[in-house]
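> Dropping in upload_7.cif, with mmCIF, C-alpha atoms.
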```cif
data_structure
#
loop_
_atom_site.label_atom_id
_atom_site.label_comp_id
_atom_site.auth_asym_id
_atom_site.auth_seq_id
_atom_site.Cartn_x
_atom_site.Cartn_y
_atom_site.Cartn_z
CA MET A 1 23.15 4.88 -24.75
CA PRO A 2 22.17 8.56 -24.29
CA SER A 3 22.38 9.95 -20.80
CA ARG A 4 19.23 10.66 -18.81
CA GLU A 5 19.98 14.39 -19.02
CA ARG A 6 20.17 14.23 -22.80
CA ILE A 7 16.84 12.45 -23.04
CA LEU A 8 15.14 15.00 -20.84
CA THR A 9 16.44 17.92 -22.89
CA PHE A 10 15.48 16.31 -26.23
CA GLY A 11 19.04 16.56 -27.48
CA LEU A 12 19.30 20.29 -26.77
CA LYS A 13 22.18 22.00 -25.05
CA ASP A 14 22.54 21.21 -21.38
CA PRO A 15 20.60 23.97 -19.56
CA ARG A 16 23.09 23.84 -16.70
CA ARG A 17 25.88 25.21 -18.92
CA GLU A 18 26.51 28.93 -19.30
CA GLU A 19 26.04 28.78 -23.07
CA ALA A 20 22.50 27.38 -22.75
CA PRO A 21 20.11 29.42 -24.90
CA GLY A 22 17.83 31.92 -23.21
CA TRP A 23 14.71 29.86 -23.88
CA LEU A 24 16.01 27.23 -21.43
CA VAL A 25 16.57 29.68 -18.57
CA ASN A 26 15.04 28.47 -15.33
CA ALA A 27 11.92 30.58 -14.82
CA ARG A 28 12.57 30.61 -11.08
CA SER A 29 15.52 32.94 -11.71
CA LEU A 30 13.21 35.63 -13.12
CA GLY A 31 12.28 38.46 -10.79
CA HIS A 32 8.64 39.43 -10.49
CA GLY A 33 9.38 42.65 -12.33
CA SER A 34 10.67 40.66 -15.31
CA VAL A 35 7.50 38.67 -15.77
CA ARG A 36 5.18 40.28 -18.31
CA ARG A 37 1.57 39.43 -17.53
CA LEU A 38 -0.12 38.54 -20.77
CA THR A 39 -3.74 39.46 -21.28
CA ARG A 40 -4.70 36.62 -23.59
CA GLN A 41 -5.93 33.52 -21.78
CA ARG A 42 -4.30 31.30 -24.39
CA TYR A 43 -0.90 32.17 -22.91
CA ASP A 44 -1.69 31.56 -19.25
CA GLY A 45 -2.33 27.85 -19.73
CA ALA A 46 -6.14 28.07 -19.77
CA ILE A 47 -8.53 27.01 -22.51
CA HIS A 48 -8.93 30.06 -24.70
CA HIS A 49 -12.18 32.04 -24.60
CA PRO A 50 -12.66 34.81 -27.15
CA PRO A 51 -13.21 38.43 -26.13
CA PRO A 52 -16.69 39.92 -26.47
CA PRO A 53 -17.85 40.53 -30.05
CA PRO A 54 -17.27 44.08 -31.34
CA ALA A 55 -20.07 46.57 -31.81
CA CYS A 56 -21.33 46.53 -35.38
CA PRO A 57 -20.95 50.01 -36.91
CA ALA A 58 -24.13 51.67 -38.16
CA GLY A 59 -24.99 50.57 -41.66
CA TRP A 60 -22.73 47.50 -41.52
CA SER A 61 -23.83 43.87 -41.35
CA VAL A 62 -22.52 40.71 -39.69
CA GLY A 63 -22.34 37.16 -40.95
CA PRO A 64 -20.02 34.20 -41.47
CA PRO A 65 -16.40 35.15 -42.18
CA SER A 66 -15.33 35.43 -45.81
CA PHE A 67 -12.11 33.57 -45.01
CA VAL A 68 -10.54 31.76 -42.06
CA GLY A 69 -6.89 30.86 -41.63
CA VAL A 70 -6.63 27.55 -39.82
CA GLY A 71 -2.92 26.80 -39.65
CA GLY A 72 -0.24 26.42 -38.88
CA GLN A 73 1.31 27.83 -35.76
CA ARG A 74 4.74 29.47 -36.26
CA CYS A 75 4.37 29.41 -40.06
CA GLY A 76 4.25 33.16 -40.66
CA THR A 77 0.50 33.46 -40.26
CA THR A 78 0.61 36.80 -38.40
CA ARG A 79 2.64 38.43 -41.15
CA TRP A 80 0.40 37.00 -43.86
CA PHE A 81 -2.78 38.04 -42.08
CA ASN A 82 -1.42 41.58 -41.64
CA LEU A 83 -0.61 41.76 -45.35
CA LEU A 84 -4.11 40.60 -46.23
CA SER A 85 -5.67 43.08 -43.80
CA ALA A 86 -3.84 45.93 -45.54
CA HIS A 87 -5.89 45.32 -48.69
CA PRO A 88 -8.64 47.96 -49.08
CA GLU A 89 -11.17 45.25 -49.99
CA ILE A 90 -10.65 43.52 -46.63
CA VAL A 91 -11.93 44.80 -43.28
CA PRO A 92 -9.09 44.80 -40.70
CA PRO A 93 -10.00 42.78 -37.58
CA LEU A 94 -12.03 44.74 -35.07
CA VAL A 95 -11.00 42.44 -32.20
CA THR A 96 -7.95 40.29 -32.87
CA LYS A 97 -6.33 38.14 -35.54
CA GLU A 98 -6.79 34.91 -33.52
CA LEU A 99 -10.25 34.48 -32.08
CA GLY A 100 -9.75 30.88 -31.00
CA TYR A 101 -13.53 30.77 -30.91
CA PHE A 102 -13.87 26.98 -31.18
CA ASP A 103 -11.08 25.98 -28.78
CA ARG A 104 -13.41 25.56 -25.80
CA PHE A 105 -15.75 23.09 -27.52
CA TYR A 106 -13.30 20.16 -27.34
CA ALA A 107 -15.93 18.12 -25.43
CA GLY A 108 -18.87 19.16 -27.62
CA GLY A 109 -21.82 21.38 -26.80
CA PHE A 110 -21.60 23.65 -29.84
CA THR A 111 -25.05 25.04 -30.70
CA ALA A 112 -26.74 27.15 -33.37
CA ALA A 113 -26.60 30.05 -30.91
CA ASP A 114 -22.80 29.64 -30.71
CA ALA A 115 -22.60 29.74 -34.51
CA SER A 116 -24.67 32.94 -34.56
CA GLU A 117 -22.44 34.51 -31.93
CA TYR A 118 -19.39 33.64 -34.06
CA HIS A 119 -20.90 35.67 -36.93
CA ARG A 120 -21.01 38.75 -34.69
CA TYR A 121 -17.21 38.96 -34.81
CA PHE A 122 -17.27 39.80 -38.51
CA PRO A 123 -18.91 43.17 -39.24
CA ARG A 124 -18.39 44.30 -42.82
CA ASP A 125 -19.53 47.17 -45.01
CA GLY A 126 -20.72 46.46 -48.53
CA ASP A 127 -18.83 43.71 -50.32
CA ARG A 128 -15.61 43.92 -48.33
CA LYS A 129 -14.17 40.64 -47.05
CA VAL A 130 -13.54 39.88 -43.40
CA GLY A 131 -11.90 36.99 -41.58
CA GLU A 132 -9.63 35.68 -38.86
CA TRP A 133 -6.64 33.36 -38.54
CA SER A 134 -6.41 30.94 -35.58
CA PRO A 135 -3.56 28.42 -36.11
CA LEU A 136 -5.00 25.90 -33.64
CA TYR A 137 -8.04 25.28 -35.84
CA MET A 138 -6.30 22.84 -38.17
CA SER A 139 -4.45 21.00 -35.40
CA ALA A 140 -7.54 20.35 -33.27
CA PRO A 141 -9.66 17.50 -34.71
CA TRP A 142 -12.95 18.79 -33.26
CA ILE A 143 -12.71 22.24 -34.89
CA PRO A 144 -13.05 21.70 -38.70
CA ARG A 145 -16.56 20.26 -38.25
CA LEU A 146 -17.63 23.20 -36.06
CA LEU A 147 -16.11 25.74 -38.42
CA ALA A 148 -17.91 24.15 -41.37
CA SER A 149 -21.21 24.30 -39.51
CA ALA A 150 -20.74 27.98 -38.63
CA ALA A 151 -19.22 29.10 -41.94
CA PRO A 152 -19.86 26.46 -44.64
CA GLU A 153 -18.97 28.77 -47.56
CA THR A 154 -15.85 30.32 -46.07
CA ARG A 155 -12.49 30.25 -47.85
CA VAL A 156 -9.89 28.37 -45.82
CA LEU A 157 -6.23 29.42 -45.73
CA VAL A 158 -3.42 27.06 -44.71
CA LEU A 159 0.21 28.13 -44.34
CA LEU A 160 2.80 25.37 -43.83
CA ARG A 161 6.51 25.29 -43.01
CA ASP A 162 9.29 22.71 -42.87
CA PRO A 163 7.91 20.53 -40.01
CA VAL A 164 11.17 20.35 -38.06
CA ASN A 165 11.80 24.09 -38.34
CA ARG A 166 8.19 24.70 -37.33
CA TYR A 167 8.65 22.34 -34.36
CA LEU A 168 11.69 24.26 -33.11
CA SER A 169 9.94 27.60 -33.55
CA GLY A 170 6.83 26.31 -31.79
CA LEU A 171 8.87 24.98 -28.90
CA GLU A 172 10.68 28.28 -28.53
CA HIS A 173 7.33 30.09 -28.61
CA ASN A 174 5.93 27.87 -25.83
CA ALA A 175 9.08 28.23 -23.74
CA ARG A 176 9.15 31.99 -24.09
CA THR A 177 5.53 32.48 -23.08
CA ASP A 178 5.93 30.10 -20.13
CA ARG A 179 9.07 31.96 -19.06
CA GLU A 180 7.31 35.32 -19.32
CA ASN A 181 4.60 33.97 -17.01
CA GLY A 182 7.15 32.75 -14.47
CA ARG A 183 6.84 29.04 -15.27
CA MET A 184 9.08 26.23 -16.44
CA LEU A 185 8.43 24.79 -19.89
CA ASN A 186 5.43 22.47 -19.69
CA GLU A 187 6.43 18.80 -19.88
CA LEU A 188 3.94 18.19 -22.73
CA ALA A 189 5.07 21.19 -24.80
CA PRO A 190 7.57 19.22 -26.93
CA LEU A 191 4.92 16.62 -27.78
CA ASP A 192 2.35 19.31 -28.59
CA ALA A 193 4.86 21.08 -30.83
CA PHE A 194 5.65 17.82 -32.62
CA LEU A 195 2.03 16.85 -33.27
CA ARG A 196 1.24 20.22 -34.85
CA GLY A 197 3.65 19.35 -37.67
CA LEU A 198 1.69 16.31 -38.90
CA TYR A 199 0.12 18.32 -41.70
CA HIS A 200 -1.25 15.55 -43.91
CA ALA A 201 -3.29 14.02 -41.10
CA GLN A 202 -4.74 17.43 -40.25
CA LEU A 203 -5.57 18.35 -43.86
CA THR A 204 -7.24 14.98 -44.32
CA GLU A 205 -9.69 15.85 -41.55
CA LEU A 206 -10.17 19.35 -42.94
CA LEU A 207 -11.18 17.87 -46.30
CA VAL A 208 -13.91 15.83 -44.63
CA HIS A 209 -15.75 19.09 -43.97
CA PHE A 210 -14.64 21.47 -46.75
CA ASP A 211 -14.46 21.07 -50.50
CA ARG A 212 -10.93 21.10 -51.89
CA SER A 213 -11.76 24.22 -53.93
CA GLN A 214 -12.33 26.12 -50.66
CA ILE A 215 -8.80 25.50 -49.37
CA LEU A 216 -5.63 27.36 -50.36
CA ILE A 217 -2.35 25.82 -49.21
CA LEU A 218 0.65 28.14 -48.98
CA GLN A 219 4.24 27.47 -47.96
CA TYR A 220 6.09 29.71 -45.54
CA GLU A 221 9.32 29.37 -47.49
CA ARG A 222 7.74 30.41 -50.79
CA CYS A 223 5.87 33.29 -49.13
CA THR A 224 9.21 34.47 -47.74
CA ARG A 225 11.04 34.24 -51.09
CA GLU A 226 8.26 35.49 -53.36
CA PRO A 227 5.78 37.37 -51.16
CA LEU A 228 4.19 39.44 -53.92
CA VAL A 229 3.63 36.42 -56.15
CA GLU A 230 2.02 34.46 -53.33
CA LEU A 231 0.00 37.47 -52.18
CA LYS A 232 -1.48 37.84 -55.66
CA ARG A 233 -2.35 34.15 -55.58
CA THR A 234 -4.02 34.63 -52.19
CA PHE A 235 -5.94 37.71 -53.31
CA ALA A 236 -7.24 35.81 -56.34
CA PHE A 237 -8.31 32.90 -54.13
CA LEU A 238 -10.24 35.33 -51.91
CA GLU A 239 -11.91 36.71 -55.06
CA LEU A 240 -10.65 40.26 -54.55
CA GLN A 241 -10.93 42.65 -57.48
CA ASP A 242 -7.48 44.22 -57.17
CA THR A 243 -5.10 41.26 -57.14
CA ASP A 244 -2.16 43.56 -57.96
CA PHE A 245 -2.42 45.48 -54.70
CA THR A 246 1.07 45.74 -53.19
CA PRO A 247 1.38 46.24 -49.41
CA SER A 248 4.71 46.69 -47.68
CA VAL A 249 6.26 43.23 -47.28
CA SER A 250 9.17 44.29 -45.06
CA ALA A 251 7.59 43.63 -41.65
CA HIS A 252 8.30 40.27 -39.98
CA PRO A 253 6.43 40.12 -36.63
CA HIS A 254 7.35 37.51 -34.02
CA HIS A 255 10.86 37.02 -35.41
CA GLN A 256 12.92 34.58 -33.34
CA PRO A 257 16.65 35.32 -33.49
CA ASN A 258 17.69 32.40 -31.26
CA LYS A 259 15.92 29.14 -31.89
CA PRO A 260 16.86 25.94 -30.03
CA LYS A 261 19.35 23.61 -31.69
CA LEU A 262 19.18 19.83 -32.11
CA ASP A 263 22.21 17.59 -32.30
CA GLN A 264 22.42 15.51 -35.47
CA GLU A 265 21.23 12.28 -33.89
CA THR A 266 18.11 13.93 -32.47
CA LEU A 267 17.46 15.84 -35.70
CA ASP A 268 17.50 12.54 -37.58
CA VAL A 269 14.88 11.16 -35.17
CA TYR A 270 12.50 14.01 -35.95
CA VAL A 271 13.08 13.82 -39.68
CA ARG A 272 12.27 10.10 -39.66
CA ALA A 273 9.20 10.69 -37.51
CA TYR A 274 7.82 13.27 -39.96
CA SER A 275 8.91 11.69 -43.25
CA GLU A 276 5.88 9.48 -43.93
CA ASP A 277 3.47 12.34 -43.25
CA VAL A 278 5.49 14.66 -45.52
CA MET A 279 5.51 12.08 -48.33
CA ASN A 280 1.74 11.61 -48.03
CA LEU A 281 1.31 15.38 -48.01
CA ALA A 282 3.33 15.86 -51.20
CA LYS A 283 1.44 13.04 -52.90
CA ALA A 284 -2.01 14.38 -51.96
CA PHE A 285 -1.18 18.06 -52.53
CA PRO A 286 1.20 18.43 -55.47
CA GLU A 287 1.44 22.19 -54.93
CA ILE A 288 3.66 21.39 -51.93
CA ASP A 289 7.30 21.63 -52.98
CA VAL A 290 9.33 19.59 -50.48
CA THR A 291 12.57 20.91 -51.98
CA LEU A 292 11.75 24.15 -50.15
CA TRP A 293 11.93 22.30 -46.83
CA PRO A 294 15.62 21.86 -45.95
CA ASN A 295 15.05 18.85 -43.71
CA PHE A 296 12.95 16.98 -46.29
CA ALA A 297 14.32 18.03 -49.67
CA HIS A 298 15.82 14.56 -50.04
CA LEU A 299 12.30 13.10 -50.25
CA ALA A 300 11.75 14.83 -53.59
CA ALA A 301 14.01 12.27 -55.22
#
```
Would it be possible to restate this file's structure as structure tokens?

Amino acid sequence: MPSRERILTFGLKDPRREEAPGWLVNARSLGHGSVRRLTRQRYDGAIHHPPPPPACPAGWSVGPPSFVGVGGQRCGTTRWFNLLSAHPEIVPPLVTKELGYFDRFYAGGFTAADASEYHRYFPRDGDRKVGEWSPLYMSAPWIPRLLASAAPETRVLVLLRDPVNRYLSGLEHNARTDRENGRMLNELAPLDAFLRGLYHAQLTELLVHFDRSQILILQYERCTREPLVELKRTFAFLELQDTDFTPSVSAHPHHQPNKPKLDQETLDVYVRAYSEDVMNLAKAFPEIDVTLWPNFAHLAA
């Protein structure tokens, strides 16, 4: 029977030991000078509200985004969005990559005026494309419907990663931002990180509101191994003229050198918990290659 301490740490190293990874450091040990105050409300525990819309340059127009990335968190979306934004046929974001515009409407209340305000975030000149990428959009069941009402013709980008590896990266991300704000890891953070990896359930809801032809599903592992091939595929999906454009693919923002470790027994628990969703995902979306996911390659057989 596992000890109480082991249950509470989800099979991770005991935080009381010296070799405990940095992401488990007690936030109380941080001095005030060590705490970096983040400006984005998403990181201070509050429901995210977007910044004010940018001013539309003279001669430009606003409207629904050409494309929206909806998921998933810790799947390389920042890198991919930066690579897309380097294309001369795409307008770089005038505010931020992640608007999180629909986060606050979890209880309803979204109006036509809110949809019109959303359009103001996407000035563009001529035929250039413009978009955003907010990884919460796919995970939150209330958002696909709102996104479809505000941008029914938009192209939807999805970037997925081995669910267990994504879970560990998401948990480290939550722990780091909590630590930087002088807090202990939230007790619900492990559950939140786990639920974000149930991709098939989330894509099923997305397909209720968008036609399959509007959705491009990418895999983090393939984008890492063959970035130029997958970029060309993405450019073609976005209907860009120059699909051979080659940006620098060397940058890897938000790299995490020290991710938390699971013991084998706990790893097996997570693999079992995700397996049915992964099998349903591979069956519904044959472009998903589960052999690229180390924790689920055995399901390909």
> Please write as a ChimeraX atom specification the full residue list that the PyMOL selection byres ((chain A and resi 299) around 12) yields on this file.
/A:271-272,274-283,289-298,300-301
> Kindly save the residues from that selection, with C-alpha atoms included, as a PDB file, in the coordinates of the input.

```pdb
ATOM      1  CA  VAL A 271      13.080  13.820 -39.680  1.00  0.00           C
ATOM      2  CA  ARG A 272      12.270  10.100 -39.660  1.00  0.00           C
ATOM      3  CA  TYR A 274       7.820  13.270 -39.960  1.00  0.00           C
ATOM      4  CA  SER A 275       8.910  11.690 -43.250  1.00  0.00           C
ATOM      5  CA  GLU A 276       5.880   9.480 -43.930  1.00  0.00           C
ATOM      6  CA  ASP A 277       3.470  12.340 -43.250  1.00  0.00           C
ATOM      7  CA  VAL A 278       5.490  14.660 -45.520  1.00  0.00           C
ATOM      8  CA  MET A 279       5.510  12.080 -48.330  1.00  0.00           C
ATOM      9  CA  ASN A 280       1.740  11.610 -48.030  1.00  0.00           C
ATOM     10  CA  LEU A 281       1.310  15.380 -48.010  1.00  0.00           C
ATOM     11  CA  ALA A 282       3.330  15.860 -51.200  1.00  0.00           C
ATOM     12  CA  LYS A 283       1.440  13.040 -52.900  1.00  0.00           C
ATOM     13  CA  ASP A 289       7.300  21.630 -52.980  1.00  0.00           C
ATOM     14  CA  VAL A 290       9.330  19.590 -50.480  1.00  0.00           C
ATOM     15  CA  THR A 291      12.570  20.910 -51.980  1.00  0.00           C
ATOM     16  CA  LEU A 292      11.750  24.150 -50.150  1.00  0.00           C
ATOM     17  CA  TRP A 293      11.930  22.300 -46.830  1.00  0.00           C
ATOM     18  CA  PRO A 294      15.620  21.860 -45.950  1.00  0.00           C
ATOM     19  CA  ASN A 295      15.050  18.850 -43.710  1.00  0.00           C
ATOM     20  CA  PHE A 296      12.950  16.980 -46.290  1.00  0.00           C
ATOM     21  CA  ALA A 297      14.320  18.030 -49.670  1.00  0.00           C
ATOM     22  CA  HIS A 298      15.820  14.560 -50.040  1.00  0.00           C
ATOM     23  CA  ALA A 300      11.750  14.830 -53.590  1.00  0.00           C
ATOM     24  CA  ALA A 301      14.010  12.270 -55.220  1.00  0.00           C
TER      25      ALA A 301
END
```
> With distances taken over only C-alpha atoms, which of A:Gly108, A:Pro286, A:Pro247, A:Gly170 is nearest to Leu218 (chain A)?
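Between A:Gly108, A:Pro286, A:Pro247, A:Gly170, the residue approaching Leu218 (chain A) most closely is A:Pro286.
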> Please indicate the distance in Å from CA of Arg212 (chain A) to CA of Glu132 (chain A), rounded to one decimal place.
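Taking CA of Arg212 (chain A) and CA of Glu132 (chain A), their separation equals 19.6 Å.
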> Taking the file as I've supplied it (selection: the PyMOL selection byres ((chain A and resi 150) around 8)), which residues are included? Please answer as a ChimeraX atom specification.
/A:64,115-116,118-119,146-149,151-152
> To test your reading of the syntax: which residues would the PyMOL selection byres ((chain A and resi 95) around 9) return for the file shown? Reply as a PyMOL selection string.
chain A and resi 51-54+93-94+96-99+121
> Neighbours of Gly126 (chain A) within 12 Å (only C-alpha atoms; same-chain residues fewer than 6 positions away dropped), as a compact mmCIF listing (two decimals) with C-alpha atoms, keeping the file's coordinate frame?

```
# COMPACT_ATOMS: atom_id res chain seq x y z
CA GLY A 59 -24.99 50.57 -41.66
CA TRP A 60 -22.73 47.50 -41.52
CA SER A 61 -23.83 43.87 -41.35
CA VAL A 62 -22.52 40.71 -39.69
CA GLU A 89 -11.17 45.25 -49.99
CA ILE A 90 -10.65 43.52 -46.63
CA VAL A 91 -11.93 44.80 -43.28
```
> Work out how far CA of Leu195 (chain A) is from CA of Ala175 (chain A), in Å to one decimal.
16.4 Å
> Please list as a VMD selection string every residue within 9 Å of Asn82 (chain A), counting only C-alpha atoms and excluding residues in the same chain fewer than 4 positions away.
chain A and resid 77 to 78 86 92 97
> So the first atom is CA of Val164 (chain A) and the second is CA of Arg104 (chain A); what is the distance between them in Å, to one decimal place?
28.0 Å
> Identify which of the residues A:His87, A:Arg79, A:Arg222, A:His49 lies closest to Asp162 (chain A), counting only C-alpha atoms when measuring atom-to-atom distances.
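Closest to Asp162 (chain A), using only C-alpha atoms: A:Arg222.
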> Return the single residue from A:Arg155, A:His48, A:Arg120, A:Arg74 that is closest to Glu239 (chain A), with distances computed using all atoms listed in the file.
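Among the listed residues, the smallest separation from Glu239 (chain A) belongs to A:Arg155.
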> Env of region 228-235 of chain A: 8 Å cut, atoms = all atoms listed in the file, seq-sep filter 6 positions within chain, self excluded. Answer as a list in words.
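The contact residues come out as Leu84, Leu216, Leu218, Arg222, Asp242, Thr243, Asp244, Phe245, Thr246 and Val249 of chain A.
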> For Leu203 (chain A), list every protein, DNA or RNA residue within 12 Å, evaluated using all atoms listed in the file, and leave out those in the same chain fewer than 3 positions away; present the list as a VMD selection string.
chain A and resid 70 to 72 137 to 141 144 156 to 160 196 to 200 206 to 212 215 to 217 277 to 278 280 to 282 284 to 285
> Let me see the file: selected residues, C-alpha atoms, as a short mmCIF file (atom, residue, chain, number, x, y, z; two decimals), in the coordinates of the input.

```
data_model
loop_
_atom_site.label_atom_id
_atom_site.label_comp_id
_atom_site.auth_asym_id
_atom_site.auth_seq_id
_atom_site.Cartn_x
_atom_site.Cartn_y
_atom_site.Cartn_z
CA VAL A 70 -6.63 27.55 -39.82
CA GLY A 71 -2.92 26.80 -39.65
CA GLY A 72 -0.24 26.42 -38.88
CA TYR A 137 -8.04 25.28 -35.84
CA MET A 138 -6.30 22.84 -38.17
CA SER A 139 -4.45 21.00 -35.40
CA ALA A 140 -7.54 20.35 -33.27
CA PRO A 141 -9.66 17.50 -34.71
CA PRO A 144 -13.05 21.70 -38.70
CA VAL A 156 -9.89 28.37 -45.82
CA LEU A 157 -6.23 29.42 -45.73
CA VAL A 158 -3.42 27.06 -44.71
CA LEU A 159 0.21 28.13 -44.34
CA LEU A 160 2.80 25.37 -43.83
CA ARG A 196 1.24 20.22 -34.85
CA GLY A 197 3.65 19.35 -37.67
CA LEU A 198 1.69 16.31 -38.90
CA TYR A 199 0.12 18.32 -41.70
CA HIS A 200 -1.25 15.55 -43.91
CA LEU A 206 -10.17 19.35 -42.94
CA LEU A 207 -11.18 17.87 -46.30
CA VAL A 208 -13.91 15.83 -44.63
CA HIS A 209 -15.75 19.09 -43.97
CA PHE A 210 -14.64 21.47 -46.75
CA ASP A 211 -14.46 21.07 -50.50
CA ARG A 212 -10.93 21.10 -51.89
CA ILE A 215 -8.80 25.50 -49.37
CA LEU A 216 -5.63 27.36 -50.36
CA ILE A 217 -2.35 25.82 -49.21
CA ASP A 277 3.47 12.34 -43.25
CA VAL A 278 5.49 14.66 -45.52
CA ASN A 280 1.74 11.61 -48.03
CA LEU A 281 1.31 15.38 -48.01
CA ALA A 282 3.33 15.86 -51.20
CA ALA A 284 -2.01 14.38 -51.96
CA PHE A 285 -1.18 18.06 -52.53
#
```
> Kindly indicate which residue among A:Lys261, A:Pro163, A:Gly69, A:Phe110 lies nearest to Ala273 (chain A), using all atoms listed in the file for the distances.
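That would be A:Pro163, the residue with the smallest distance to Ala273 (chain A).
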